[in-house]
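S.K.: This is the structure, below, for whatever I ask next.
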Amino acid sequence: MKRIILTGGGTAGHVTPNIALLPRLRELQYDIHYIGSYNGMEKQLVEQQGIPYHGISSGKLRRYFSLQNFTDPFRVLKGFSEANRLIKQLKPDVIFSKGGFVSVPVVIAGKKNHVPVIIHESDMTPGLANKICMRTAKKICCNFPETVKLLPADKAVLTGTPIRRELLNGSRDAGFAFTGLSDDKPILLMMGGSTGSRAVNAGLRSALPQLLKEFHVIHLCGKGNLDSTLAQPGYIQYEYISDELKDLFAISDIVLSRAGANAICELLALHKPNILIPLSKEASRGDQILNANSFKKQGFSYVLEEEKLNADTLMAAVHEVYNNRDSYKKAMATSNQSNGVDIVIKLIKELS
């Protein structure tokens, strides 16, 4: 039986693609282990999957001044020592890393022990952790054609993001039963992430009087962002949805979303016509803007800048996407990056 170590952590985006690989890895009878931080969010997510979890020390490598810059390098060194010991003990055939700073010592220790390493970069431009790991990796997976040009030619593979199998198996009947909505109008699903997005929430709600004349609206508004004063027929609010998300996707005709790499790759895999409102450069390093513009260029998405978001611009975007939904679906259906599971699994099999 071959053994694989998965690693990655810090955000859900560094964990869920690893989880998406588990069903196929189990079918192929891999012995699966996970290395993450001692108390990061990845620990609970992975342990729920019933695979062995190994914690190591983790420190963040920052591009800006912080007093923690003086202590975190020692945590990274400790993490390398712990990862090195685990790899010597587990003797894996291959390592797959989804990124995040906890993955850096694991990847470097893998190289030291002559274990082939595959890393995955979600965003258009590589983050710092993956930049550090690139020299060590045998293969570098990515989501965007533009990213391939930024990577070593002999290592770069356009894969898309591994998508959880259950998301592709939603039920329309279950979705209508859960929401209480009917199919007499098309449905707009707005996703703002687990913490929501104040700007997008406000923009959507400002357009509700116009939207509800033509659409039912499902609003995933984030923790603490419910507004009971807006309760009305055809408008359903949830703070956060997990298990039922697949069914909400199944009944949705168009989706309004931020432009995080994993979220938009899920929309691509589901062939959901969408409007992307990326985080502004003031609120991020600009990766969502690059992600969104790539999807726009490929015909997958309509992009609406946050600074231009209001009721009128949102309604114009909704009409454009809904009226041309078939062309968006056709473009997504012809993409070879819609679900990375098969390509990533193929690489794992080749290197292990």
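Quick note on naming: the chains in the structure tokens go A, B, ... in the order shown, residues restart at 1 in each chain, and ligands are numbered from 1 in order of appearance.
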Using only C-alpha atoms, which protein or nucleic acid residues come within 7 Å of range 245-249 of chain A? Drop anything in the same chain fewer than 3 positions from it, and give the result as a tab-separated table (two decimals) with N, CA, C and O atoms, in the first residue's frame.
M.R.:
chain	number	residue	atom	x	y	z
A	166	GLU	N	-19.23	15.92	-3.38
A	166	GLU	CA	-20.62	16.12	-2.98
A	166	GLU	C	-21.23	17.40	-3.56
A	166	GLU	O	-22.45	17.49	-3.76
A	167	LEU	N	-20.39	18.41	-3.85
A	167	LEU	CA	-20.92	19.64	-4.41
A	167	LEU	C	-21.53	19.41	-5.79
A	167	LEU	O	-22.39	20.17	-6.24
A	168	LEU	N	-21.05	18.39	-6.48
A	168	LEU	CA	-21.52	18.11	-7.83
A	168	LEU	C	-22.79	17.28	-7.84
A	168	LEU	O	-23.33	16.99	-8.91
A	169	ASN	N	-23.28	16.90	-6.66
A	169	ASN	CA	-24.42	15.99	-6.57
A	169	ASN	C	-25.58	16.59	-5.78
A	169	ASN	O	-26.26	15.89	-5.02
A	170	GLY	N	-25.83	17.88	-5.98
A	170	GLY	CA	-26.94	18.52	-5.30
A	170	GLY	C	-28.28	18.08	-5.86
A	170	GLY	O	-28.39	17.61	-6.99
A	171	SER	N	-29.32	18.26	-5.04
A	171	SER	CA	-30.68	17.87	-5.42
A	171	SER	C	-31.58	19.10	-5.48
A	171	SER	O	-31.68	19.85	-4.50
A	172	ARG	N	-32.23	19.32	-6.62
A	172	ARG	CA	-33.17	20.44	-6.72
A	172	ARG	C	-34.35	20.26	-5.77
A	172	ARG	O	-34.78	21.21	-5.12
A	174	ALA	N	-34.38	18.73	-2.93
A	174	ALA	CA	-33.91	19.02	-1.57
A	174	ALA	C	-33.70	20.52	-1.37
A	174	ALA	O	-33.98	21.06	-0.30
A	175	GLY	N	-33.21	21.18	-2.41
A	175	GLY	CA	-32.98	22.62	-2.32
A	175	GLY	C	-34.27	23.40	-2.13
A	175	GLY	O	-34.36	24.31	-1.30
A	241	ILE	N	-23.96	28.20	5.34
A	241	ILE	CA	-24.52	26.90	4.96
A	241	ILE	C	-23.37	25.96	4.64
A	241	ILE	O	-22.42	26.33	3.94
A	242	SER	N	-23.45	24.74	5.15
A	242	SER	CA	-22.41	23.75	4.87
A	242	SER	C	-22.98	22.57	4.08
A	242	SER	O	-22.85	22.50	2.86
A	252	SER	N	-29.94	27.11	-8.05
A	252	SER	CA	-29.57	28.48	-8.40
A	252	SER	C	-29.32	28.62	-9.90
A	252	SER	O	-28.66	27.78	-10.51
S.K.: Extract, using only C-alpha atoms, all DNA, RNA and protein residues at most 8 Å from range 79-82 of chain A, discarding same-chain residues fewer than 5 positions from it, and format them as a ChimeraX atom specification.
M.R.: /A:56-58,102,105-106,108-109
S.K.: Mind checking which residues fall within 12 Å of Ala317 in chain A, counting only C-alpha atoms, ignoring those fewer than 3 positions away in the same chain, and posting them as a PyMOL selection string?
M.R.: chain A and resi 188+204+207+211+254-256+273-277+301-305+308-314+320-325
S.K.: For Leu90 in chain A, work out the shell of residues within 9 Å, counting only C-alpha atoms and skipping chain neighbours fewer than 6 positions away, then give it as a list in words.
M.R.: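 What passes the distance filter is Arg3, Ile5 and His33 of chain A.
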S.K.: Taking 6 positions as the minimum chain separation for residues in the same chain, which residues sit within 12 Å of Gln48 in chain A when counting only C-alpha atoms? Answer as a PyMOL selection string.
M.R.: chain A and resi 19+41-42
S.K.: Give me, please, the distance in Å between CA of Pro116 in chain A and CA of Lys349 in chain A, quoted to one decimal.
M.R.: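 Distance between the two atoms: 11.2 Å.
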S.K.: Please indicate the distance in Å from CA of Ile95 in chain A to CA of Thr147 in chain A, rounded to one decimal place.
M.R.: 21.7 Å
S.K.: Write out, as JSON lines, each residue of range 6-110 of chain A that has an atom at most 12 Å from range 259-266 of chain A, together with the closest pair of atoms and their distance in Å to one decimal, counting only C-alpha atoms, rows going by chain and rising number.
M.R.:
{"residue": "A:Thr11", "atom": "CA", "partner": "A:Asn262", "partner_atom": "CA", "distance": 11.2}
{"residue": "A:Ala12", "atom": "CA", "partner": "A:Asn262", "partner_atom": "CA", "distance": 9.3}
{"residue": "A:Gly13", "atom": "CA", "partner": "A:Asn262", "partner_atom": "CA", "distance": 6.2}
{"residue": "A:His14", "atom": "CA", "partner": "A:Asn262", "partner_atom": "CA", "distance": 9.1}
{"residue": "A:Val15", "atom": "CA", "partner": "A:Asn262", "partner_atom": "CA", "distance": 10.4}
{"residue": "A:Thr16", "atom": "CA", "partner": "A:Asn262", "partner_atom": "CA", "distance": 8.6}
{"residue": "A:Pro17", "atom": "CA", "partner": "A:Asn262", "partner_atom": "CA", "distance": 8.1}
{"residue": "A:Asn18", "atom": "CA", "partner": "A:Asn262", "partner_atom": "CA", "distance": 11.7}
{"residue": "A:Ala20", "atom": "CA", "partner": "A:Glu266", "partner_atom": "CA", "distance": 11.4}
{"residue": "A:Lys98", "atom": "CA", "partner": "A:Asn262", "partner_atom": "CA", "distance": 11.4}
S.K.: Kindly export the residues of the current selection with N, CA, C and O atoms, as an mmCIF file, in the first residue's frame.
M.R.:
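So selection.cif came out as:
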data_model
loop_
_atom_site.group_PDB
_atom_site.id
_atom_site.type_symbol
_atom_site.label_atom_id
_atom_site.label_comp_id
_atom_site.auth_asym_id
_atom_site.auth_seq_id
_atom_site.Cartn_x
_atom_site.Cartn_y
_atom_site.Cartn_z
ATOM 1 N N THR A 11 -6.270 28.580 6.298
ATOM 2 C CA THR A 11 -7.620 28.949 5.863
ATOM 3 C C THR A 11 -8.285 27.710 5.290
ATOM 4 O O THR A 11 -7.624 26.718 4.953
ATOM 5 N N ALA A 12 -9.619 27.785 5.154
ATOM 6 C CA ALA A 12 -10.342 26.652 4.577
ATOM 7 C C ALA A 12 -9.881 26.364 3.152
ATOM 8 O O ALA A 12 -9.877 25.212 2.704
ATOM 9 N N GLY A 13 -9.464 27.428 2.430
ATOM 10 C CA GLY A 13 -9.003 27.250 1.061
ATOM 11 C C GLY A 13 -7.739 26.424 0.945
ATOM 12 O O GLY A 13 -7.424 25.907 -0.133
ATOM 13 N N HIS A 14 -6.999 26.294 2.049
ATOM 14 C CA HIS A 14 -5.799 25.472 2.061
ATOM 15 C C HIS A 14 -6.090 24.044 2.525
ATOM 16 O O HIS A 14 -5.168 23.228 2.620
ATOM 17 N N VAL A 15 -7.356 23.759 2.817
ATOM 18 C CA VAL A 15 -7.714 22.439 3.340
ATOM 19 C C VAL A 15 -8.737 21.721 2.461
ATOM 20 O O VAL A 15 -8.581 20.538 2.156
ATOM 21 N N THR A 16 -9.792 22.436 2.039
ATOM 22 C CA THR A 16 -10.880 21.762 1.320
ATOM 23 C C THR A 16 -10.438 21.081 0.028
ATOM 24 O O THR A 16 -10.976 20.004 -0.300
ATOM 25 N N PRO A 17 -9.472 21.622 -0.745
ATOM 26 C CA PRO A 17 -9.025 20.860 -1.918
ATOM 27 C C PRO A 17 -8.356 19.541 -1.533
ATOM 28 O O PRO A 17 -8.492 18.543 -2.260
ATOM 29 N N ASN A 18 -7.647 19.510 -0.406
ATOM 30 C CA ASN A 18 -7.085 18.246 0.067
ATOM 31 C C ASN A 18 -8.201 17.263 0.405
ATOM 32 O O ASN A 18 -8.129 16.074 0.070
ATOM 33 N N ALA A 20 -11.078 17.186 -0.880
ATOM 34 C CA ALA A 20 -11.704 16.759 -2.135
ATOM 35 C C ALA A 20 -10.985 15.566 -2.754
ATOM 36 O O ALA A 20 -11.584 14.804 -3.526
ATOM 37 N N LYS A 98 -1.163 21.898 -0.299
ATOM 38 C CA LYS A 98 -2.093 22.920 -0.775
ATOM 39 C C LYS A 98 -1.675 24.317 -0.327
ATOM 40 O O LYS A 98 -2.360 25.297 -0.616
#
S.K.: Based on DSSP run over this structure's backbone, return all residues of range 16-125 of chain A in alpha helix (DSSP H), as a compact mmCIF listing (two decimals) with all heavy atoms, in the first residue's frame.
M.R.:
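To be explicit, this is the file written out as selection.txt:
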# COMPACT_ATOMS: atom_id res chain seq x y z
N THR A 16 -9.79 22.44 2.04
CA THR A 16 -10.88 21.76 1.32
C THR A 16 -10.44 21.08 0.03
O THR A 16 -10.98 20.00 -0.30
CB THR A 16 -12.04 22.74 1.05
OG1 THR A 16 -11.54 23.92 0.40
CG2 THR A 16 -12.72 23.13 2.35
N PRO A 17 -9.47 21.62 -0.75
CA PRO A 17 -9.03 20.86 -1.92
C PRO A 17 -8.36 19.54 -1.53
O PRO A 17 -8.49 18.54 -2.26
CB PRO A 17 -8.04 21.81 -2.60
CG PRO A 17 -8.50 23.17 -2.18
CD PRO A 17 -8.91 23.00 -0.75
N ASN A 18 -7.65 19.51 -0.41
CA ASN A 18 -7.09 18.25 0.07
C ASN A 18 -8.20 17.26 0.40
O ASN A 18 -8.13 16.07 0.07
CB ASN A 18 -6.22 18.49 1.32
CG ASN A 18 -4.82 18.95 0.98
OD1 ASN A 18 -4.28 18.59 -0.06
ND2 ASN A 18 -4.24 19.76 1.84
N ILE A 19 -9.23 17.76 1.07
CA ILE A 19 -10.36 16.91 1.43
C ILE A 19 -11.05 16.37 0.17
O ILE A 19 -11.52 15.23 0.14
CB ILE A 19 -11.35 17.68 2.32
CG1 ILE A 19 -10.69 17.96 3.70
CG2 ILE A 19 -12.65 16.93 2.50
CD1 ILE A 19 -11.51 18.83 4.62
N ALA A 20 -11.08 17.19 -0.88
CA ALA A 20 -11.70 16.76 -2.14
C ALA A 20 -10.99 15.57 -2.75
O ALA A 20 -11.58 14.80 -3.53
CB ALA A 20 -11.73 17.93 -3.12
N LEU A 21 -9.70 15.40 -2.46
CA LEU A 21 -8.93 14.28 -3.01
C LEU A 21 -9.18 12.97 -2.27
O LEU A 21 -8.87 11.89 -2.80
CB LEU A 21 -7.43 14.60 -2.95
CG LEU A 21 -6.93 15.78 -3.79
CD1 LEU A 21 -5.46 16.04 -3.48
CD2 LEU A 21 -7.10 15.50 -5.28
N LEU A 22 -9.71 13.03 -1.06
CA LEU A 22 -9.78 11.84 -0.21
C LEU A 22 -10.57 10.69 -0.82
O LEU A 22 -10.09 9.53 -0.76
CB LEU A 22 -10.35 12.21 1.17
CG LEU A 22 -9.49 13.15 2.02
CD1 LEU A 22 -10.17 13.44 3.35
CD2 LEU A 22 -8.10 12.56 2.25
N PRO A 23 -11.75 10.91 -1.40
CA PRO A 23 -12.48 9.75 -1.94
C PRO A 23 -11.69 8.97 -2.99
O PRO A 23 -11.66 7.73 -2.95
CB PRO A 23 -13.75 10.39 -2.55
CG PRO A 23 -13.95 11.64 -1.77
CD PRO A 23 -12.56 12.14 -1.49
N ARG A 24 -11.03 9.67 -3.90
CA ARG A 24 -10.26 8.97 -4.94
C ARG A 24 -9.03 8.30 -4.35
O ARG A 24 -8.67 7.18 -4.75
CB ARG A 24 -9.85 9.95 -6.04
CG ARG A 24 -10.98 10.36 -6.94
CD ARG A 24 -11.41 9.22 -7.89
NE ARG A 24 -10.41 8.98 -8.92
CZ ARG A 24 -9.83 7.82 -9.15
NH1 ARG A 24 -10.14 6.77 -8.42
NH2 ARG A 24 -8.94 7.68 -10.11
N LEU A 25 -8.38 8.95 -3.41
CA LEU A 25 -7.20 8.35 -2.78
C LEU A 25 -7.60 7.07 -2.03
O LEU A 25 -6.86 6.08 -2.05
CB LEU A 25 -6.54 9.34 -1.82
CG LEU A 25 -5.81 10.51 -2.48
CD1 LEU A 25 -5.37 11.52 -1.43
CD2 LEU A 25 -4.60 10.03 -3.28
N ARG A 26 -8.76 7.10 -1.40
CA ARG A 26 -9.24 5.90 -0.70
C ARG A 26 -9.58 4.79 -1.68
O ARG A 26 -9.29 3.62 -1.43
CB ARG A 26 -10.46 6.26 0.16
CG ARG A 26 -10.08 7.03 1.43
CD ARG A 26 -11.31 7.51 2.17
NE ARG A 26 -10.98 8.05 3.48
CZ ARG A 26 -11.56 9.11 4.04
NH1 ARG A 26 -12.50 9.77 3.36
NH2 ARG A 26 -11.20 9.52 5.23
N GLU A 27 -10.19 5.17 -2.80
CA GLU A 27 -10.51 4.16 -3.82
C GLU A 27 -9.24 3.50 -4.33
O GLU A 27 -9.24 2.30 -4.66
CB GLU A 27 -11.26 4.82 -4.98
CG GLU A 27 -12.69 5.23 -4.64
CD GLU A 27 -13.32 6.09 -5.73
OE1 GLU A 27 -12.66 6.28 -6.79
OE2 GLU A 27 -14.44 6.57 -5.54
N MET A 41 -7.29 25.69 12.04
CA MET A 41 -8.63 25.25 11.66
C MET A 41 -8.61 23.94 10.87
O MET A 41 -9.59 23.19 10.86
CB MET A 41 -9.32 26.34 10.83
CG MET A 41 -8.71 26.58 9.46
SD MET A 41 -9.63 27.80 8.51
CE MET A 41 -11.24 27.05 8.47
N GLU A 42 -7.45 23.66 10.25
CA GLU A 42 -7.34 22.43 9.47
C GLU A 42 -7.46 21.18 10.34
O GLU A 42 -7.90 20.13 9.87
CB GLU A 42 -6.04 22.40 8.67
CG GLU A 42 -4.77 22.40 9.49
CD GLU A 42 -4.23 23.79 9.77
OE1 GLU A 42 -4.99 24.77 9.64
OE2 GLU A 42 -3.05 23.89 10.17
N LYS A 43 -7.07 21.29 11.61
CA LYS A 43 -7.09 20.13 12.50
C LYS A 43 -8.50 19.55 12.61
O LYS A 43 -8.72 18.35 12.42
CB LYS A 43 -6.56 20.51 13.89
CG LYS A 43 -6.41 19.34 14.85
CD LYS A 43 -5.75 19.82 16.16
CE LYS A 43 -5.35 18.63 17.03
NZ LYS A 43 -6.51 17.87 17.54
N GLN A 44 -9.48 20.39 12.92
CA GLN A 44 -10.85 19.91 13.06
C GLN A 44 -11.42 19.41 11.74
O GLN A 44 -12.07 18.36 11.69
CB GLN A 44 -11.74 21.02 13.62
CG GLN A 44 -13.19 20.60 13.83
CD GLN A 44 -14.05 21.71 14.38
OE1 GLN A 44 -13.57 22.80 14.64
NE2 GLN A 44 -15.33 21.44 14.57
N LEU A 45 -11.15 20.15 10.65
CA LEU A 45 -11.68 19.76 9.35
C LEU A 45 -11.16 18.40 8.92
O LEU A 45 -11.90 17.58 8.36
CB LEU A 45 -11.32 20.81 8.29
CG LEU A 45 -12.00 22.17 8.42
CD1 LEU A 45 -11.39 23.17 7.44
CD2 LEU A 45 -13.50 22.05 8.19
N VAL A 46 -9.88 18.15 9.17
CA VAL A 46 -9.27 16.89 8.74
C VAL A 46 -9.68 15.74 9.65
O VAL A 46 -9.98 14.63 9.17
CB VAL A 46 -7.74 17.03 8.68
CG1 VAL A 46 -7.07 15.68 8.45
CG2 VAL A 46 -7.34 18.01 7.59
N GLU A 47 -9.70 15.98 10.95
CA GLU A 47 -10.07 14.90 11.87
C GLU A 47 -11.50 14.43 11.64
O GLU A 47 -11.82 13.25 11.88
CB GLU A 47 -9.87 15.36 13.32
CG GLU A 47 -8.40 15.47 13.70
CD GLU A 47 -8.17 15.88 15.13
OE1 GLU A 47 -9.10 16.45 15.75
OE2 GLU A 47 -7.05 15.65 15.64
N ASP A 72 8.79 33.98 15.06
CA ASP A 72 8.24 32.95 14.17
C ASP A 72 9.28 32.13 13.43
O ASP A 72 9.05 30.94 13.16
CB ASP A 72 7.26 33.58 13.18
CG ASP A 72 5.86 33.75 13.79
OD1 ASP A 72 5.75 33.55 15.02
OD2 ASP A 72 4.91 34.08 13.07
N PRO A 73 10.45 32.69 13.04
CA PRO A 73 11.46 31.83 12.40
C PRO A 73 11.86 30.64 13.26
O PRO A 73 12.15 29.55 12.73
CB PRO A 73 12.64 32.78 12.19
CG PRO A 73 11.99 34.12 12.02
CD PRO A 73 10.85 34.11 12.98
N PHE A 74 11.84 30.81 14.59
CA PHE A 74 12.17 29.69 15.47
C PHE A 74 11.06 28.64 15.45
O PHE A 74 11.32 27.44 15.53
CB PHE A 74 12.42 30.20 16.90
CG PHE A 74 13.61 31.09 17.02
CD1 PHE A 74 13.46 32.46 17.05
CD2 PHE A 74 14.89 30.56 17.06
CE1 PHE A 74 14.57 33.30 17.14
CE2 PHE A 74 16.01 31.39 17.15
CZ PHE A 74 15.84 32.76 17.18
N ARG A 75 9.81 29.11 15.30
CA ARG A 75 8.70 28.16 15.18
C ARG A 75 8.81 27.38 13.87
O ARG A 75 8.50 26.18 13.81
CB ARG A 75 7.37 28.90 15.24
CG ARG A 75 7.07 29.57 16.58
CD ARG A 75 5.62 30.06 16.64
NE ARG A 75 5.32 30.69 17.90
CZ ARG A 75 5.36 32.00 18.11
NH1 ARG A 75 5.71 32.81 17.11
NH2 ARG A 75 5.09 32.51 19.29
N VAL A 76 9.22 28.08 12.80
CA VAL A 76 9.40 27.40 11.51
C VAL A 76 10.49 26.35 11.61
O VAL A 76 10.34 25.23 11.10
CB VAL A 76 9.72 28.43 10.40
CG1 VAL A 76 10.04 27.71 9.09
CG2 VAL A 76 8.54 29.38 10.20
N LEU A 77 11.59 26.68 12.26
CA LEU A 77 12.68 25.72 12.43
C LEU A 77 12.24 24.52 13.25
O LEU A 77 12.57 23.37 12.93
CB LEU A 77 13.88 26.40 13.09
CG LEU A 77 14.65 27.40 12.22
CD1 LEU A 77 15.69 28.14 13.04
CD2 LEU A 77 15.32 26.68 11.04
N LYS A 78 11.46 24.79 14.30
CA LYS A 78 10.93 23.69 15.11
C LYS A 78 9.99 22.84 14.26
O LYS A 78 10.01 21.60 14.33
CB LYS A 78 10.20 24.24 16.33
CG LYS A 78 9.67 23.15 17.25
CD LYS A 78 8.92 23.74 18.44
CE LYS A 78 8.37 22.63 19.34
NZ LYS A 78 7.54 23.17 20.44
N GLY A 79 9.15 23.51 13.44
CA GLY A 79 8.24 22.79 12.57
C GLY A 79 8.98 21.91 11.57
O GLY A 79 8.55 20.78 11.29
N PHE A 80 10.11 22.41 11.05
CA PHE A 80 10.91 21.60 10.12
C PHE A 80 11.44 20.36 10.82
O PHE A 80 11.39 19.25 10.26
CB PHE A 80 12.06 22.41 9.55
CG PHE A 80 13.06 21.58 8.80
CD1 PHE A 80 12.78 21.14 7.51
CD2 PHE A 80 14.25 21.18 9.40
CE1 PHE A 80 13.68 20.34 6.83
CE2 PHE A 80 15.15 20.39 8.72
CZ PHE A 80 14.86 19.97 7.43
N SER A 81 11.94 20.52 12.04
CA SER A 81 12.46 19.38 12.79
C SER A 81 11.37 18.34 13.03
O SER A 81 11.59 17.14 12.87
CB SER A 81 13.04 19.86 14.13
OG SER A 81 13.47 18.77 14.90
N GLU A 82 10.18 18.82 13.39
CA GLU A 82 9.07 17.90 13.65
C GLU A 82 8.60 17.23 12.36
O GLU A 82 8.30 16.02 12.35
CB GLU A 82 7.92 18.67 14.31
CG GLU A 82 8.25 19.16 15.71
CD GLU A 82 7.26 20.19 16.23
OE1 GLU A 82 6.63 20.90 15.40
OE2 GLU A 82 7.12 20.31 17.46
N ALA A 83 8.50 18.00 11.27
CA ALA A 83 8.10 17.42 9.99
C ALA A 83 9.12 16.40 9.51
O ALA A 83 8.76 15.34 8.98
CB ALA A 83 7.92 18.53 8.96
N ASN A 84 10.39 16.72 9.67
CA ASN A 84 11.46 15.81 9.26
C ASN A 84 11.36 14.48 10.01
O ASN A 84 11.48 13.40 9.41
CB ASN A 84 12.81 16.47 9.52
CG ASN A 84 13.95 15.69 8.91
OD1 ASN A 84 13.94 15.38 7.72
ND2 ASN A 84 14.95 15.37 9.72
N ARG A 85 11.08 14.58 11.31
CA ARG A 85 10.95 13.36 12.11
C ARG A 85 9.73 12.53 11.67
O ARG A 85 9.80 11.30 11.56
CB ARG A 85 10.83 13.74 13.59
CG ARG A 85 10.77 12.53 14.53
CD ARG A 85 10.96 12.92 15.99
NE ARG A 85 9.91 13.84 16.45
CZ ARG A 85 10.09 15.13 16.71
NH1 ARG A 85 11.30 15.67 16.55
NH2 ARG A 85 9.10 15.87 17.13
N LEU A 86 8.63 13.22 11.38
CA LEU A 86 7.42 12.52 10.94
C LEU A 86 7.63 11.82 9.60
O LEU A 86 7.19 10.68 9.40
CB LEU A 86 6.25 13.50 10.84
CG LEU A 86 5.56 13.90 12.14
CD1 LEU A 86 4.66 15.10 11.91
CD2 LEU A 86 4.75 12.72 12.69
N ILE A 87 8.30 12.51 8.68
CA ILE A 87 8.52 11.93 7.35
C ILE A 87 9.46 10.72 7.43
O ILE A 87 9.25 9.71 6.75
CB ILE A 87 9.04 13.01 6.39
CG1 ILE A 87 7.90 13.99 6.07
CG2 ILE A 87 9.58 12.40 5.10
CD1 ILE A 87 8.32 15.23 5.34
N LYS A 88 10.46 10.80 8.28
CA LYS A 88 11.34 9.64 8.48
C LYS A 88 10.56 8.46 9.06
O LYS A 88 10.81 7.30 8.72
CB LYS A 88 12.49 10.01 9.43
CG LYS A 88 13.55 10.91 8.80
CD LYS A 88 14.65 11.19 9.79
CE LYS A 88 15.73 12.08 9.20
NZ LYS A 88 16.43 11.47 8.05
N GLN A 89 9.60 8.77 9.93
CA GLN A 89 8.81 7.73 10.57
C GLN A 89 7.76 7.15 9.62
O GLN A 89 7.60 5.92 9.54
CB GLN A 89 8.12 8.32 11.80
CG GLN A 89 7.10 7.41 12.48
CD GLN A 89 6.28 8.14 13.53
OE1 GLN A 89 6.73 9.12 14.12
NE2 GLN A 89 5.06 7.69 13.75
N LEU A 90 7.06 8.02 8.87
CA LEU A 90 5.96 7.57 8.02
C LEU A 90 6.41 7.02 6.67
O LEU A 90 5.71 6.22 6.06
CB LEU A 90 4.97 8.73 7.80
CG LEU A 90 4.23 9.22 9.04
CD1 LEU A 90 3.45 10.50 8.72
CD2 LEU A 90 3.29 8.14 9.57
N SER A 103 2.76 24.42 5.57
CA SER A 103 3.24 23.47 4.57
C SER A 103 4.72 23.62 4.25
O SER A 103 5.35 22.67 3.76
CB SER A 103 2.43 23.63 3.28
OG SER A 103 2.73 24.86 2.63
N VAL A 104 5.29 24.78 4.52
CA VAL A 104 6.68 25.05 4.12
C VAL A 104 7.66 24.05 4.75
O VAL A 104 8.45 23.42 4.04
CB VAL A 104 7.07 26.50 4.43
CG1 VAL A 104 8.56 26.73 4.13
CG2 VAL A 104 6.22 27.47 3.61
N PRO A 105 7.65 23.86 6.08
CA PRO A 105 8.59 22.88 6.65
C PRO A 105 8.33 21.46 6.18
O PRO A 105 9.27 20.66 6.07
CB PRO A 105 8.39 23.02 8.17
CG PRO A 105 7.11 23.73 8.35
CD PRO A 105 6.91 24.58 7.15
N VAL A 106 7.08 21.13 5.88
CA VAL A 106 6.75 19.78 5.41
C VAL A 106 7.35 19.55 4.02
O VAL A 106 7.97 18.51 3.76
CB VAL A 106 5.22 19.57 5.37
CG1 VAL A 106 4.90 18.14 4.92
CG2 VAL A 106 4.60 19.85 6.73
N VAL A 107 7.19 20.52 3.15
CA VAL A 107 7.71 20.40 1.79
C VAL A 107 9.24 20.32 1.80
O VAL A 107 9.84 19.48 1.11
CB VAL A 107 7.23 21.59 0.93
CG1 VAL A 107 7.96 21.62 -0.41
CG2 VAL A 107 5.72 21.50 0.71
N ILE A 108 9.87 21.16 2.58
CA ILE A 108 11.34 21.17 2.63
C ILE A 108 11.86 19.87 3.24
O ILE A 108 12.85 19.29 2.76
CB ILE A 108 11.84 22.39 3.42
CG1 ILE A 108 11.48 23.67 2.66
CG2 ILE A 108 13.35 22.31 3.62
CD1 ILE A 108 11.79 24.94 3.42
N ALA A 109 11.18 19.39 4.27
CA ALA A 109 11.59 18.11 4.88
C ALA A 109 11.38 16.96 3.90
O ALA A 109 12.16 16.00 3.88
CB ALA A 109 10.81 17.88 6.17
N GLY A 110 10.32 17.05 3.09
CA GLY A 110 10.10 16.02 2.07
C GLY A 110 11.25 15.95 1.09
O GLY A 110 11.74 14.86 0.75
N LYS A 111 11.69 17.10 0.63
CA LYS A 111 12.83 17.16 -0.29
C LYS A 111 14.08 16.57 0.35
O LYS A 111 14.81 15.80 -0.28
CB LYS A 111 13.07 18.61 -0.71
CG LYS A 111 14.32 18.84 -1.52
CD LYS A 111 14.22 18.26 -2.92
CE LYS A 111 15.41 18.69 -3.77
NZ LYS A 111 15.34 18.13 -5.14
N LYS A 112 14.32 16.92 1.61
CA LYS A 112 15.51 16.42 2.33
C LYS A 112 15.49 14.89 2.41
O LYS A 112 16.55 14.25 2.39
CB LYS A 112 15.56 17.02 3.73
CG LYS A 112 16.79 16.63 4.55
CD LYS A 112 16.79 17.33 5.89
CE LYS A 112 18.06 17.01 6.68
NZ LYS A 112 18.15 15.59 7.04
S.K.: Nearest to Asn143 in chain A among A:Met1, A:Ile345, A:Ala156, A:Ala129, with distances taken over only C-alpha atoms: which residue is it?
M.R.: A:Ala156
S.K.: Could you write out, as a short mmCIF file (atom, residue, chain, number, x, y, z; two decimals) with C-alpha atoms, in the first residue's frame, all the residues of range 121-204 of chain A that DSSP marks as strand (DSSP E or B)?
M.R.:
data_model
loop_
_atom_site.label_atom_id
_atom_site.label_comp_id
_atom_site.auth_asym_id
_atom_site.auth_seq_id
_atom_site.Cartn_x
_atom_site.Cartn_y
_atom_site.Cartn_z
CA GLU A 121 -1.23 27.32 -6.09
CA LYS A 139 5.24 19.55 -10.01
CA ILE A 140 3.36 22.82 -9.41
CA CYS A 141 -0.39 22.73 -10.03
CA CYS A 142 -2.33 25.93 -10.74
CA ALA A 156 3.83 23.78 -14.21
CA VAL A 157 0.55 21.88 -14.72
CA LEU A 158 -2.81 23.58 -15.31
CA ILE A 187 -32.99 32.02 -8.31
CA LEU A 188 -29.99 34.21 -7.50
CA LEU A 189 -27.58 32.85 -4.90
CA MET A 190 -25.25 35.32 -3.19
CA MET A 191 -22.18 33.92 -1.39
#
S.K.: To one decimal place, how far is CA of Gln237 in chain A from CA of Gly180 in chain A in Å?
M.R.: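 Between these atoms lies a distance of 11.9 Å.
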S.K.: Between A:Ile251, A:Arg164, A:Leu150, A:Pro145, which has the minimum distance to Phe176 in chain A (counting only C-alpha atoms)?
M.R.: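 Of A:Ile251, A:Arg164, A:Leu150, A:Pro145, the one nearest Phe176 in chain A, counting only C-alpha atoms, is A:Ile251.
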